[in-house]
file coords.cif (mmCIF, C-alpha atoms and all ligand atoms)
data_final
loop_
_atom_site.group_PDB
_atom_site.id
_atom_site.type_symbol
_atom_site.label_atom_id
_atom_site.label_comp_id
_atom_site.auth_asym_id
_atom_site.auth_seq_id
_atom_site.Cartn_x
_atom_site.Cartn_y
_atom_site.Cartn_z
ATOM 1 C CA MET A 274 2.815 -7.467 -22.837
ATOM 2 C CA THR A 275 6.208 -8.738 -21.702
ATOM 3 C CA GLU A 276 7.293 -8.938 -18.108
ATOM 4 C CA THR A 277 9.586 -5.927 -18.566
ATOM 5 C CA ASN A 278 6.576 -3.621 -19.052
ATOM 6 C CA HIS A 279 5.389 -4.502 -15.580
ATOM 7 C CA LEU A 280 6.625 -2.785 -12.460
ATOM 8 C CA ILE A 281 5.420 -5.666 -10.281
ATOM 9 C CA THR A 282 5.114 -9.320 -11.248
ATOM 10 C CA PHE A 283 3.985 -12.174 -9.005
ATOM 11 C CA SER A 284 4.357 -15.664 -10.476
ATOM 12 C CA GLN A 285 2.726 -18.493 -8.553
ATOM 13 C CA VAL A 286 3.562 -16.901 -5.206
ATOM 14 C CA GLU A 287 2.981 -19.104 -2.181
ATOM 15 C CA LYS A 288 3.181 -17.981 1.409
ATOM 16 C CA TRP A 289 2.754 -20.269 4.386
ATOM 17 C CA TYR A 290 2.494 -19.568 8.084
ATOM 18 C CA GLY A 291 3.556 -22.951 9.407
ATOM 19 C CA THR A 292 1.155 -25.428 7.869
ATOM 20 C CA PHE A 293 -1.377 -22.710 6.915
ATOM 21 C CA LYS A 294 -1.246 -21.555 3.299
ATOM 22 C CA VAL A 295 -1.977 -17.823 3.213
ATOM 23 C CA LEU A 296 -1.191 -17.118 -0.447
ATOM 24 C CA ASN A 297 -2.178 -19.894 -2.760
ATOM 25 C CA GLY A 298 -0.165 -19.467 -5.958
ATOM 26 C CA ILE A 299 -0.801 -15.778 -6.718
ATOM 27 C CA ASP A 300 -0.227 -14.454 -10.254
ATOM 28 C CA LEU A 301 -0.328 -10.681 -10.563
ATOM 29 C CA GLN A 302 1.072 -8.093 -12.948
ATOM 30 C CA VAL A 303 1.000 -4.370 -12.267
ATOM 31 C CA ARG A 304 1.854 -1.789 -14.917
ATOM 32 C CA LYS A 305 3.683 1.421 -14.165
ATOM 33 C CA GLY A 306 1.154 4.066 -13.144
ATOM 34 C CA GLU A 307 -1.602 1.563 -12.505
ATOM 35 C CA ARG A 308 -3.938 2.145 -9.549
ATOM 36 C CA ILE A 309 -5.208 -0.999 -7.925
ATOM 37 C CA VAL A 310 -7.670 -1.487 -5.103
ATOM 38 C CA ILE A 311 -7.599 -4.818 -3.259
ATOM 39 C CA CYS A 312 -10.616 -5.896 -1.268
ATOM 40 C CA GLY A 313 -11.926 -9.078 0.288
ATOM 41 C CA PRO A 314 -12.977 -10.601 3.600
ATOM 42 C CA SER A 315 -10.829 -10.328 6.701
ATOM 43 C CA GLY A 316 -8.155 -13.023 6.702
ATOM 44 C CA SER A 317 -8.170 -13.478 2.918
ATOM 45 C CA GLY A 318 -4.477 -12.539 2.581
ATOM 46 C CA LYS A 319 -4.697 -8.899 1.430
ATOM 47 C CA SER A 320 -2.136 -7.535 3.909
ATOM 48 C CA THR A 321 0.161 -10.469 3.319
ATOM 49 C CA LEU A 322 0.025 -9.921 -0.437
ATOM 50 C CA ILE A 323 0.955 -6.249 -0.310
ATOM 51 C CA ARG A 324 3.581 -6.826 2.383
ATOM 52 C CA CYS A 325 5.234 -9.291 -0.010
ATOM 53 C CA ILE A 326 5.715 -6.457 -2.524
ATOM 54 C CA ASN A 327 8.254 -4.720 -0.321
ATOM 55 C CA GLY A 328 9.770 -7.842 1.146
ATOM 56 C CA LEU A 329 8.183 -7.554 4.581
ATOM 57 C CA GLU A 330 7.097 -11.193 4.196
ATOM 58 C CA SER A 331 9.228 -14.039 2.916
ATOM 59 C CA ILE A 332 7.646 -16.396 0.389
ATOM 60 C CA GLN A 333 7.951 -20.153 0.162
ATOM 61 C CA GLY A 334 7.106 -20.630 -3.500
ATOM 62 C CA GLY A 335 7.073 -18.712 -6.785
ATOM 63 C CA HIS A 336 8.756 -15.467 -7.768
ATOM 64 C CA ILE A 337 8.281 -11.752 -7.206
ATOM 65 C CA HIS A 338 9.877 -9.093 -9.414
ATOM 66 C CA VAL A 339 9.598 -5.429 -8.442
ATOM 67 C CA ALA A 340 11.159 -2.612 -10.480
ATOM 68 C CA GLY A 341 13.187 -5.163 -12.405
ATOM 69 C CA ILE A 342 14.629 -6.761 -9.262
ATOM 70 C CA ASP A 343 14.099 -10.435 -8.479
ATOM 71 C CA MET A 344 13.082 -10.494 -4.809
ATOM 72 C CA THR A 345 14.277 -14.009 -4.053
ATOM 73 C CA ALA A 346 17.440 -14.137 -6.177
ATOM 74 C CA ASN A 347 19.579 -12.568 -3.459
ATOM 75 C CA LYS A 348 19.025 -11.855 0.212
ATOM 76 C CA HIS A 349 19.831 -8.158 -0.293
ATOM 77 C CA ASN A 350 17.258 -7.700 -3.034
ATOM 78 C CA ALA A 351 14.329 -7.097 -0.682
ATOM 79 C CA GLU A 352 16.262 -4.157 0.716
ATOM 80 C CA LYS A 353 16.905 -2.791 -2.795
ATOM 81 C CA ILE A 354 13.240 -3.219 -3.670
ATOM 82 C CA ARG A 355 12.161 -1.406 -0.522
ATOM 83 C CA GLN A 356 13.868 1.753 -1.819
ATOM 84 C CA HIS A 357 11.329 1.823 -4.657
ATOM 85 C CA VAL A 358 8.296 1.212 -2.452
ATOM 86 C CA GLY A 359 6.538 3.392 0.122
ATOM 87 C CA MET A 360 4.061 1.918 2.550
ATOM 88 C CA VAL A 361 1.277 3.389 4.660
ATOM 89 C CA PHE A 362 -0.301 1.289 7.413
ATOM 90 C CA GLN A 363 -3.622 1.350 9.198
ATOM 91 C CA GLN A 364 -1.983 2.470 12.458
ATOM 92 C CA PHE A 365 0.160 5.318 10.989
ATOM 93 C CA ASN A 366 3.363 3.927 12.645
ATOM 94 C CA LEU A 367 4.920 7.374 13.150
ATOM 95 C CA PHE A 368 7.870 7.709 15.538
ATOM 96 C CA PRO A 369 6.236 9.281 18.624
ATOM 97 C CA HIS A 370 9.423 10.886 19.957
ATOM 98 C CA LEU A 371 10.176 12.713 16.693
ATOM 99 C CA THR A 372 8.473 15.795 15.291
ATOM 100 C CA VAL A 373 6.520 15.606 12.053
ATOM 101 C CA LEU A 374 9.488 17.094 10.204
ATOM 102 C CA GLN A 375 11.947 14.671 11.844
ATOM 103 C CA ASN A 376 9.655 11.746 10.979
ATOM 104 C CA CYS A 377 9.879 12.848 7.347
ATOM 105 C CA THR A 378 13.632 13.501 7.209
ATOM 106 C CA LEU A 379 15.014 10.528 9.166
ATOM 107 C CA ALA A 380 15.080 7.954 6.359
ATOM 108 C CA PRO A 381 16.093 10.350 3.562
ATOM 109 C CA ILE A 382 19.112 11.452 5.648
ATOM 110 C CA LYS A 383 20.051 7.937 6.800
ATOM 111 C CA THR A 384 19.224 5.916 3.695
ATOM 112 C CA LEU A 385 19.442 8.318 0.765
ATOM 113 C CA GLY A 386 22.313 10.333 2.260
ATOM 114 C CA LEU A 387 20.567 13.698 1.876
ATOM 115 C CA SER A 388 21.838 16.655 3.877
ATOM 116 C CA LYS A 389 19.530 17.880 6.651
ATOM 117 C CA ALA A 390 18.693 20.997 4.607
ATOM 118 C CA GLU A 391 17.878 18.979 1.486
ATOM 119 C CA ALA A 392 15.782 16.490 3.445
ATOM 120 C CA GLU A 393 13.886 19.298 5.179
ATOM 121 C CA ALA A 394 13.182 21.054 1.889
ATOM 122 C CA THR A 395 11.782 17.814 0.429
ATOM 123 C CA ALA A 396 9.779 17.136 3.587
ATOM 124 C CA MET A 397 8.218 20.597 3.530
ATOM 125 C CA GLN A 398 7.295 20.093 -0.120
ATOM 126 C CA PHE A 399 5.414 16.864 0.692
ATOM 127 C CA LEU A 400 3.895 18.220 3.905
ATOM 128 C CA GLY A 401 2.552 20.960 1.647
ATOM 129 C CA LYS A 402 1.242 18.326 -0.735
ATOM 130 C CA VAL A 403 -0.723 16.653 2.097
ATOM 131 C CA ARG A 404 -1.779 20.114 3.294
ATOM 132 C CA ILE A 405 -0.211 20.203 6.760
ATOM 133 C CA PRO A 406 3.022 22.225 6.404
ATOM 134 C CA ASP A 407 1.966 24.239 9.465
ATOM 135 C CA GLN A 408 2.212 21.094 11.658
ATOM 136 C CA ALA A 409 5.874 20.385 10.861
ATOM 137 C CA HIS A 410 7.203 21.106 14.350
ATOM 138 C CA LYS A 411 4.528 19.266 16.295
ATOM 139 C CA TYR A 412 4.747 15.730 17.658
ATOM 140 C CA PRO A 413 2.419 13.002 16.346
ATOM 141 C CA SER A 414 0.418 12.908 19.599
ATOM 142 C CA GLN A 415 -0.519 16.556 19.062
ATOM 143 C CA LEU A 416 -2.213 15.757 15.742
ATOM 144 C CA SER A 417 -5.573 14.236 14.831
ATOM 145 C CA GLY A 418 -5.646 10.736 13.341
ATOM 146 C CA GLY A 419 -6.302 12.130 9.875
ATOM 147 C CA GLN A 420 -3.354 14.497 10.181
ATOM 148 C CA GLN A 421 -1.114 11.683 11.441
ATOM 149 C CA GLN A 422 -2.043 9.526 8.488
ATOM 150 C CA ARG A 423 -1.279 12.401 6.112
ATOM 151 C CA VAL A 424 2.149 12.725 7.772
ATOM 152 C CA ALA A 425 2.665 8.997 7.207
ATOM 153 C CA ILE A 426 1.867 9.517 3.517
ATOM 154 C CA ALA A 427 4.238 12.504 3.291
ATOM 155 C CA ARG A 428 6.950 10.522 5.072
ATOM 156 C CA ALA A 429 6.653 7.708 2.538
ATOM 157 C CA LEU A 430 6.737 10.185 -0.372
ATOM 158 C CA CYS A 431 9.953 11.759 0.927
ATOM 159 C CA MET A 432 11.761 8.580 -0.158
ATOM 160 C CA LYS A 433 10.580 9.273 -3.738
ATOM 161 C CA PRO A 434 9.082 5.800 -4.201
ATOM 162 C CA GLU A 435 7.885 4.522 -7.561
ATOM 163 C CA ILE A 436 5.195 2.457 -5.875
ATOM 164 C CA MET A 437 2.932 3.318 -2.937
ATOM 165 C CA LEU A 438 1.249 0.604 -0.880
ATOM 166 C CA PHE A 439 -1.651 1.386 1.432
ATOM 167 C CA ASP A 440 -3.022 -1.156 3.895
ATOM 168 C CA GLU A 441 -6.467 -0.030 5.054
ATOM 169 C CA PRO A 442 -5.227 3.539 5.563
ATOM 170 C CA THR A 443 -8.586 4.882 6.727
ATOM 171 C CA SER A 444 -9.816 1.964 8.863
ATOM 172 C CA ALA A 445 -8.470 3.349 12.147
ATOM 173 C CA LEU A 446 -9.828 6.859 11.567
ATOM 174 C CA ASP A 447 -12.884 8.539 12.976
ATOM 175 C CA PRO A 448 -15.449 8.917 10.178
ATOM 176 C CA GLU A 449 -14.989 12.670 9.833
ATOM 177 C CA MET A 450 -11.305 12.192 9.043
ATOM 178 C CA VAL A 451 -11.661 9.579 6.356
ATOM 179 C CA LYS A 452 -12.323 12.084 3.596
ATOM 180 C CA GLU A 453 -9.188 14.178 4.150
ATOM 181 C CA VAL A 454 -7.018 11.060 3.832
ATOM 182 C CA LEU A 455 -8.901 9.767 0.793
ATOM 183 C CA ASP A 456 -8.601 13.204 -0.830
ATOM 184 C CA THR A 457 -4.826 13.064 -0.306
ATOM 185 C CA MET A 458 -4.723 9.625 -1.906
ATOM 186 C CA ILE A 459 -6.855 10.783 -4.840
ATOM 187 C CA SER A 460 -4.440 13.638 -5.386
ATOM 188 C CA LEU A 461 -1.520 11.178 -5.429
ATOM 189 C CA ALA A 462 -3.354 8.920 -7.819
ATOM 190 C CA ASN A 463 -3.853 11.888 -10.134
ATOM 191 C CA ASP A 464 -0.089 12.484 -10.101
ATOM 192 C CA GLY A 465 0.384 9.097 -11.740
ATOM 193 C CA ILE A 466 2.222 7.139 -9.037
ATOM 194 C CA THR A 467 1.759 3.370 -9.124
ATOM 195 C CA MET A 468 -0.552 2.550 -6.255
ATOM 196 C CA LEU A 469 -1.921 -0.560 -4.566
ATOM 197 C CA CYS A 470 -4.439 0.052 -1.881
ATOM 198 C CA VAL A 471 -6.207 -2.389 0.400
ATOM 199 C CA THR A 472 -9.444 -0.652 1.262
ATOM 200 C CA HIS A 473 -13.151 -1.150 1.543
ATOM 201 C CA GLU A 474 -13.811 2.469 0.547
ATOM 202 C CA MET A 475 -15.723 1.616 -2.570
ATOM 203 C CA GLY A 476 -16.324 5.238 -3.581
ATOM 204 C CA PHE A 477 -12.551 5.659 -3.685
ATOM 205 C CA ALA A 478 -12.215 2.464 -5.696
ATOM 206 C CA ARG A 479 -14.791 3.612 -8.225
ATOM 207 C CA SER A 480 -13.253 7.033 -8.675
ATOM 208 C CA VAL A 481 -9.526 6.219 -8.859
ATOM 209 C CA ALA A 482 -8.881 2.520 -9.434
ATOM 210 C CA ASP A 483 -7.955 1.170 -12.834
ATOM 211 C CA ARG A 484 -8.587 -2.311 -11.484
ATOM 212 C CA VAL A 485 -10.247 -3.824 -8.431
ATOM 213 C CA ILE A 486 -8.921 -7.149 -7.174
ATOM 214 C CA PHE A 487 -11.039 -9.358 -4.942
ATOM 215 C CA MET A 488 -9.279 -11.888 -2.719
ATOM 216 C CA ALA A 489 -10.707 -14.819 -0.788
ATOM 217 C CA ASP A 490 -8.882 -17.642 1.008
ATOM 218 C CA GLY A 491 -5.455 -16.677 -0.331
ATOM 219 C CA ASN A 492 -6.568 -16.488 -3.958
ATOM 220 C CA ILE A 493 -7.318 -13.698 -6.398
ATOM 221 C CA VAL A 494 -10.882 -14.731 -7.140
ATOM 222 C CA GLU A 495 -11.890 -11.936 -9.479
ATOM 223 C CA GLN A 496 -10.455 -8.728 -10.936
ATOM 224 C CA ALA A 497 -11.970 -6.127 -13.189
ATOM 225 C CA ALA A 498 -12.287 -2.418 -13.886
ATOM 226 C CA PRO A 499 -14.365 -0.840 -11.096
ATOM 227 C CA ASP A 500 -17.599 -0.331 -13.030
ATOM 228 C CA LEU A 501 -17.612 -3.933 -14.202
ATOM 229 C CA PHE A 502 -16.510 -5.197 -10.796
ATOM 230 C CA PHE A 503 -19.242 -3.416 -8.832
ATOM 231 C CA ASP A 504 -22.049 -3.589 -11.389
ATOM 232 C CA SER A 505 -21.658 -7.180 -12.511
ATOM 233 C CA PRO A 506 -19.511 -9.241 -10.138
ATOM 234 C CA GLN A 507 -19.085 -12.735 -11.524
ATOM 235 C CA HIS A 508 -18.038 -14.953 -8.638
ATOM 236 C CA PRO A 509 -20.507 -15.924 -5.878
ATOM 237 C CA LYS A 510 -17.905 -14.996 -3.216
ATOM 238 C CA THR A 511 -17.543 -11.522 -4.731
ATOM 239 C CA ARG A 512 -21.318 -11.074 -4.825
ATOM 240 C CA SER A 513 -21.690 -12.179 -1.254
ATOM 241 C CA PHE A 514 -18.869 -9.850 -0.105
ATOM 242 C CA LEU A 515 -20.258 -6.841 -1.978
ATOM 243 C CA GLY A 516 -23.694 -7.630 -0.591
ATOM 244 C CA GLN A 517 -22.287 -7.277 2.905
ATOM 245 C CA ILE A 518 -20.339 -4.038 2.477
ATOM 246 C CA LEU A 519 -22.371 -1.986 -0.012
HETATM 247 P P1 LIG A 601 -6.247 -9.758 5.512
HETATM 248 O O1 LIG A 601 -5.312 -8.595 5.406
HETATM 249 O O2 LIG A 601 -6.962 -10.054 4.224
HETATM 250 O O3 LIG A 601 -7.222 -9.626 6.640
HETATM 251 P P2 LIG A 601 -3.882 -11.212 6.294
HETATM 252 O O4 LIG A 601 -2.977 -11.187 5.123
HETATM 253 O O5 LIG A 601 -3.584 -10.298 7.426
HETATM 254 O O6 LIG A 601 -5.397 -11.065 5.799
HETATM 255 O O7 LIG A 601 -3.918 -12.683 6.922
HETATM 256 C C1 LIG A 601 -4.233 -13.812 6.156
HETATM 257 C C2 LIG A 601 -4.260 -15.018 7.059
HETATM 258 O O8 LIG A 601 -2.972 -15.262 7.578
HETATM 259 C C3 LIG A 601 -5.199 -14.864 8.258
HETATM 260 O O9 LIG A 601 -5.838 -16.098 8.456
HETATM 261 C C4 LIG A 601 -4.268 -14.555 9.381
HETATM 262 O O10 LIG A 601 -4.789 -15.025 10.605
HETATM 263 C C5 LIG A 601 -3.014 -15.303 8.994
HETATM 264 N N1 LIG A 601 -1.803 -14.627 9.495
HETATM 265 C C6 LIG A 601 -1.440 -13.344 9.229
HETATM 266 N N2 LIG A 601 -0.266 -13.046 9.810
HETATM 267 C C7 LIG A 601 0.124 -14.173 10.462
HETATM 268 C C8 LIG A 601 1.279 -14.527 11.257
HETATM 269 N N3 LIG A 601 2.266 -13.645 11.473
HETATM 270 N N4 LIG A 601 1.325 -15.779 11.748
HETATM 271 C C9 LIG A 601 0.353 -16.683 11.505
HETATM 272 N N5 LIG A 601 -0.750 -16.417 10.768
HETATM 273 C C10 LIG A 601 -0.868 -15.184 10.253
HETATM 274 MG MG MG A 602 -5.217 -6.836 6.497
#
call {"tool": "encode", "arguments": {"input": "coords.cif", "output": "structure tokens"}}
result
Amino acid sequence: MTETNHLITFSQVEKWYGTFKVLNGIDLQVRKGERIVICGPSGSGKSTLIRCINGLESIQGGHIHVAGIDMTANKHNAEKIRQHVGMVFQQFNLFPHLTVLQNCTLAPIKTLGLSKAEAEATAMQFLGKVRIPDQAHKYPSQLSGGQQQRVAIARALCMKPEIMLFDEPTSALDPEMVKEVLDTMISLANDGITMLCVTHEMGFARSVADRVIFMADGNIVEQAAPDLFFDSPQHPKTRSFLGQIL
């Protein structure tokens, strides 16, 4: 397959924090519509890797192409790439002083130039999709963690991204709220959006991922379809990690 068939391409990507090498020459290709789960020990570089996809981290070596745009060719390219990429964080990151609806319409009005009415119509559509249209006029603090995370997902979708990135989206949630967020993500996955998700929810990985990537020490150590990955992990580091979490 040629590079043009890939929505995301990493070629020998290196990221350093000072003298510490966080990403050690990463090669990665992601096809349009592919659903990828990234797992690995804390500190292995998972967040850094997905933050590189929307230009939240600068890189010191290699190349990243997203949606046909070369991240490092021009200092404005990260901004262009970001318009194709939605991101959901562990800590929701909603604007506390804005209502749910305002959280969802702010960027579409400011960045995409939508009218307030258009942005609100889109927002209500996606709040429906995450099954909380009735919360539109509340403030984030009035919602449960699971509801807040679903707002964060709706807010990202309002920008009509081609790619959705999730960084441990259920790790900050009380256990009873994990399922409602995972169900929302499963529904998105079924819609065919390209998705990269850092998570240790292995049931989710088994049911929706096309590929599971295991990282350790800034490297992609192993990657495989979920059944193969979980049933016959090849690398000792993968085995040891799965032994700890399963
Ligand atoms: P993971 O998401 O797999 O837990 P991260 O990508 O967050 O890993 O971090 C990888 C490594 O980089 C860790 O050792 C972490 O301490 C280090 N690191 C992350 N962010 C910074 C930063 N802003 N400055 C210095 N070191 C960092
Ligand atoms: Mg992380």
call {"tool": "resolve_selection", "arguments": {"input": "coords.cif", "expression": "the PyMOL selection byres (((not hetatm)) within 6 of (chain A and resi 601))", "output": "tab-separated table (two decimals) with C-alpha atoms, in the coordinates of the input"}}
result
chain	number	residue	atom	x	y	z
A	290	TYR	CA	2.49	-19.57	8.08
A	295	VAL	CA	-1.98	-17.82	3.21
A	315	SER	CA	-10.83	-10.33	6.70
A	316	GLY	CA	-8.15	-13.02	6.70
A	317	SER	CA	-8.17	-13.48	2.92
A	318	GLY	CA	-4.48	-12.54	2.58
A	319	LYS	CA	-4.70	-8.90	1.43
A	320	SER	CA	-2.14	-7.54	3.91
A	321	THR	CA	0.16	-10.47	3.32
call {"tool": "resolve_selection", "arguments": {"input": "coords.cif", "expression": "the PyMOL selection byres (((chain A and resi 369) around 12) and not hetatm)", "output": "ChimeraX atom specification"}}
result
/A:365-368,370-376,411-416,421,425
call {"tool": "closest_residue", "arguments": {"input": "coords.cif", "among": "A:Arg355, A:Arg404, A:Arg304, A:Lys389", "to": "Ile281 of chain A", "atoms": "all atoms listed in the file"}}
result
A:Arg304
call {"tool": "closest_atom_pairs", "arguments": {"input": "coords.cif", "of": "segment 443-489 of chain A", "to": "segment 322-325 of chain A", "cutoff": "9 Å", "atoms": "all atoms listed in the file", "output": "CSV"}}
result
residue,atom,partner,partner_atom,distance
A:Leu469,CA,A:Ile323,CA,7.7
A:Cys470,CA,A:Ile323,CA,8.4
A:Val471,CA,A:Ile323,CA,8.2
call {"tool": "residues_around", "arguments": {"input": "coords.cif", "residues": "segment 453-457 of chain A", "least_positions_apart": "5", "cutoff": "10 Å", "atoms": "only C-alpha atoms", "output": "list in words"}}
result
Lys402, Val403, Arg404, Gly418, Gly419, Gln420, Gln421, Gln422, Arg423, Ile426, Ala427, Pro442, Thr443, Leu446, Ala462, Asn463, Glu474, Gly476 and Phe477 of chain A
call {"tool": "resolve_selection", "arguments": {"input": "coords.cif", "expression": "the PyMOL selection byres (((chain A and resi 514) around 12) and not hetatm)", "output": "list of chain:residue names"}}
result
A:Cys312, A:Gly313, A:Pro314, A:Ser315, A:Ser317, A:His473, A:Phe487, A:Met488, A:Ala489, A:Val494, A:Glu495, A:Phe502, A:Phe503, A:Pro506, A:Gln507, A:His508, A:Pro509, A:Lys510, A:Thr511, A:Arg512, A:Ser513, A:Leu515, A:Gly516, A:Gln517, A:Ile518, A:Leu519
call {"tool": "closest_residue", "arguments": {"input": "coords.cif", "among": "A:Ser480, A:Asn347, A:Gln364, A:Ser417", "to": "ligand MG 602 (chain A)", "atoms": "all atoms listed in the file"}}
result
A:Gln364
call {"tool": "axis_aligned_box", "arguments": {"input": "coords.cif", "around": "segment 281-298 of chain A", "padding_each_side": "4 Å", "output": "AutoDock Vina command-line options"}}
result
--center_x 1.6 --center_y -15.5 --center_z -0.9 --size_x 15.6 --size_y 27.8 --size_z 28.7
call {"tool": "closest_residue", "arguments": {"input": "coords.cif", "among": "A:Val451, A:Phe439, A:Gly401, A:Ser460", "to": "Val310 of chain A", "atoms": "all atoms listed in the file"}}
result
A:Phe439
call {"tool": "atom_distance", "arguments": {"input": "coords.cif", "atom1": "atom CA of Glu287 of chain A", "atom2": "atom CA of Gln333 of chain A"}}
result
5.6 Å
call {"tool": "residues_around", "arguments": {"input": "coords.cif", "residues": "Thr395 of chain A", "least_positions_apart": "3", "cutoff": "10 Å", "atoms": "all atoms listed in the file", "output": "ChimeraX atom specification"}}
result
/A:377-378,381,387,389-392,398-401,427-428,430-433
call {"tool": "residues_near_point", "arguments": {"input": "coords.cif", "point": "(14.4, -10.4, 0.9)", "cutoff": "9 Å", "atoms": "all atoms listed in the file", "output": "list in words"}}
result
Asn327, Gly328, Leu329, Glu330, Ser331, Met344, Thr345, Ala346, Asn347, Lys348, His349, Asn350, Ala351, Glu352, Lys353 and Ile354 of chain A
call {"tool": "atom_distance", "arguments": {"input": "coords.cif", "atom1": "atom CA of Asp483 of chain A", "atom2": "atom CA of Met468 of chain A"}}
result
10.0 Å
call {"tool": "closest_residue", "arguments": {"input": "coords.cif", "among": "A:Gly491, A:Leu501, A:Ile405, A:Asp440", "to": "ligand MG 602 (chain A)", "atoms": "all atoms listed in the file"}}
result
A:Asp440
call {"tool": "atom_distance", "arguments": {"input": "coords.cif", "atom1": "atom CA of Pro434 of chain A", "atom2": "atom CA of Asp447 of chain A"}}
result
28.0 Å
call {"tool": "closest_residue", "arguments": {"input": "coords.cif", "among": "A:Asp343, A:Ala396, A:Val358, A:Glu441", "to": "ligand MG 602 (chain A)", "atoms": "all atoms listed in the file"}}
result
A:Glu441
call {"tool": "residues_around", "arguments": {"input": "coords.cif", "residues": "Ile299 of chain A", "least_positions_apart": "3", "cutoff": "9 Å", "atoms": "all atoms listed in the file", "output": "MDAnalysis selection string"}}
result
chainID A and resid 283:287 296 322 335 491:493
call {"tool": "closest_residue", "arguments": {"input": "coords.cif", "among": "A:Ile326, A:Ile436, A:Phe362, A:Gly291", "to": "ligand MG 602 (chain A)", "atoms": "all atoms listed in the file"}}
result
A:Phe362
call {"tool": "residues_near_point", "arguments": {"input": "coords.cif", "point": "(2.7, 2.5, -12.4)", "cutoff": "6 Å", "atoms": "all atoms listed in the file", "output": "PDB file with C-alpha atoms, in the frame of the given file"}}
result
ATOM      1  CA  ARG A 304       1.854  -1.789 -14.917  1.00  0.00           C
ATOM      2  CA  LYS A 305       3.683   1.421 -14.165  1.00  0.00           C
ATOM      3  CA  GLY A 306       1.154   4.066 -13.144  1.00  0.00           C
ATOM      4  CA  GLU A 307      -1.602   1.563 -12.505  1.00  0.00           C
ATOM      5  CA  ILE A 466       2.222   7.139  -9.037  1.00  0.00           C
ATOM      6  CA  THR A 467       1.759   3.370  -9.124  1.00  0.00           C
TER       7      THR A 467
END
call {"tool": "decode", "arguments": {"input": "coords.cif", "residues": "segment 308-354 of chain A", "atoms": "C-alpha atoms", "output": "PDB file, in the first residue's frame"}}
result
ATOM      1  CA  ARG A 308      -9.676   1.472  14.791  1.00  0.00           C
ATOM      2  CA  ILE A 309      -6.548   1.205  16.860  1.00  0.00           C
ATOM      3  CA  VAL A 310      -6.091   0.606  20.560  1.00  0.00           C
ATOM      4  CA  ILE A 311      -2.753   1.590  22.106  1.00  0.00           C
ATOM      5  CA  CYS A 312      -1.717   0.071  25.399  1.00  0.00           C
ATOM      6  CA  GLY A 313       1.448  -0.266  27.431  1.00  0.00           C
ATOM      7  CA  PRO A 314       2.965   0.573  30.806  1.00  0.00           C
ATOM      8  CA  SER A 315       2.739   4.044  32.295  1.00  0.00           C
ATOM      9  CA  GLY A 316       5.478   6.268  30.894  1.00  0.00           C
ATOM     10  CA  SER A 317       5.919   4.242  27.696  1.00  0.00           C
ATOM     11  CA  GLY A 318       5.040   7.210  25.447  1.00  0.00           C
ATOM     12  CA  LYS A 319       1.393   6.471  24.568  1.00  0.00           C
ATOM     13  CA  SER A 320       0.081   9.978  25.304  1.00  0.00           C
ATOM     14  CA  THR A 321       3.050  11.566  23.603  1.00  0.00           C
ATOM     15  CA  LEU A 322       2.487   9.469  20.487  1.00  0.00           C
ATOM     16  CA  ILE A 323      -1.169  10.383  20.081  1.00  0.00           C
ATOM     17  CA  ARG A 324      -0.538  14.027  20.976  1.00  0.00           C
ATOM     18  CA  CYS A 325       1.945  14.122  18.085  1.00  0.00           C
ATOM     19  CA  ILE A 326      -0.890  13.241  15.682  1.00  0.00           C
ATOM     20  CA  ASN A 327      -2.576  16.590  16.194  1.00  0.00           C
ATOM     21  CA  GLY A 328       0.576  18.603  16.653  1.00  0.00           C
ATOM     22  CA  LEU A 329       0.274  19.083  20.405  1.00  0.00           C
ATOM     23  CA  GLU A 330       3.893  17.900  20.675  1.00  0.00           C
ATOM     24  CA  SER A 331       6.769  18.982  18.476  1.00  0.00           C
ATOM     25  CA  ILE A 332       9.091  16.265  17.186  1.00  0.00           C
ATOM     26  CA  GLN A 333      12.852  16.342  16.854  1.00  0.00           C
ATOM     27  CA  GLY A 334      13.300  13.677  14.198  1.00  0.00           C
ATOM     28  CA  GLY A 335      11.371  11.939  11.420  1.00  0.00           C
ATOM     29  CA  HIS A 336       8.151  12.896   9.675  1.00  0.00           C
ATOM     30  CA  ILE A 337       4.430  12.852  10.382  1.00  0.00           C
ATOM     31  CA  HIS A 338       1.791  13.077   7.649  1.00  0.00           C
ATOM     32  CA  VAL A 339      -1.874  13.414   8.599  1.00  0.00           C
ATOM     33  CA  ALA A 340      -4.672  13.702   6.027  1.00  0.00           C
ATOM     34  CA  GLY A 341      -2.094  14.360   3.336  1.00  0.00           C
ATOM     35  CA  ILE A 342      -0.462  17.223   5.246  1.00  0.00           C
ATOM     36  CA  ASP A 343       3.206  17.130   6.212  1.00  0.00           C
ATOM     37  CA  MET A 344       3.261  18.212   9.862  1.00  0.00           C
ATOM     38  CA  THR A 345       6.798  19.570   9.891  1.00  0.00           C
ATOM     39  CA  ALA A 346       6.971  21.124   6.414  1.00  0.00           C
ATOM     40  CA  ASN A 347       5.447  24.403   7.576  1.00  0.00           C
ATOM     41  CA  LYS A 348       4.738  25.890  10.978  1.00  0.00           C
ATOM     42  CA  HIS A 349       1.053  26.365  10.102  1.00  0.00           C
ATOM     43  CA  ASN A 350       0.543  22.739   9.138  1.00  0.00           C
ATOM     44  CA  ALA A 351      -0.100  21.511  12.682  1.00  0.00           C
ATOM     45  CA  GLU A 352      -3.003  23.938  12.826  1.00  0.00           C
ATOM     46  CA  LYS A 353      -4.370  22.644   9.500  1.00  0.00           C
ATOM     47  CA  ILE A 354      -4.006  19.066  10.703  1.00  0.00           C
TER      48      ILE A 354
END
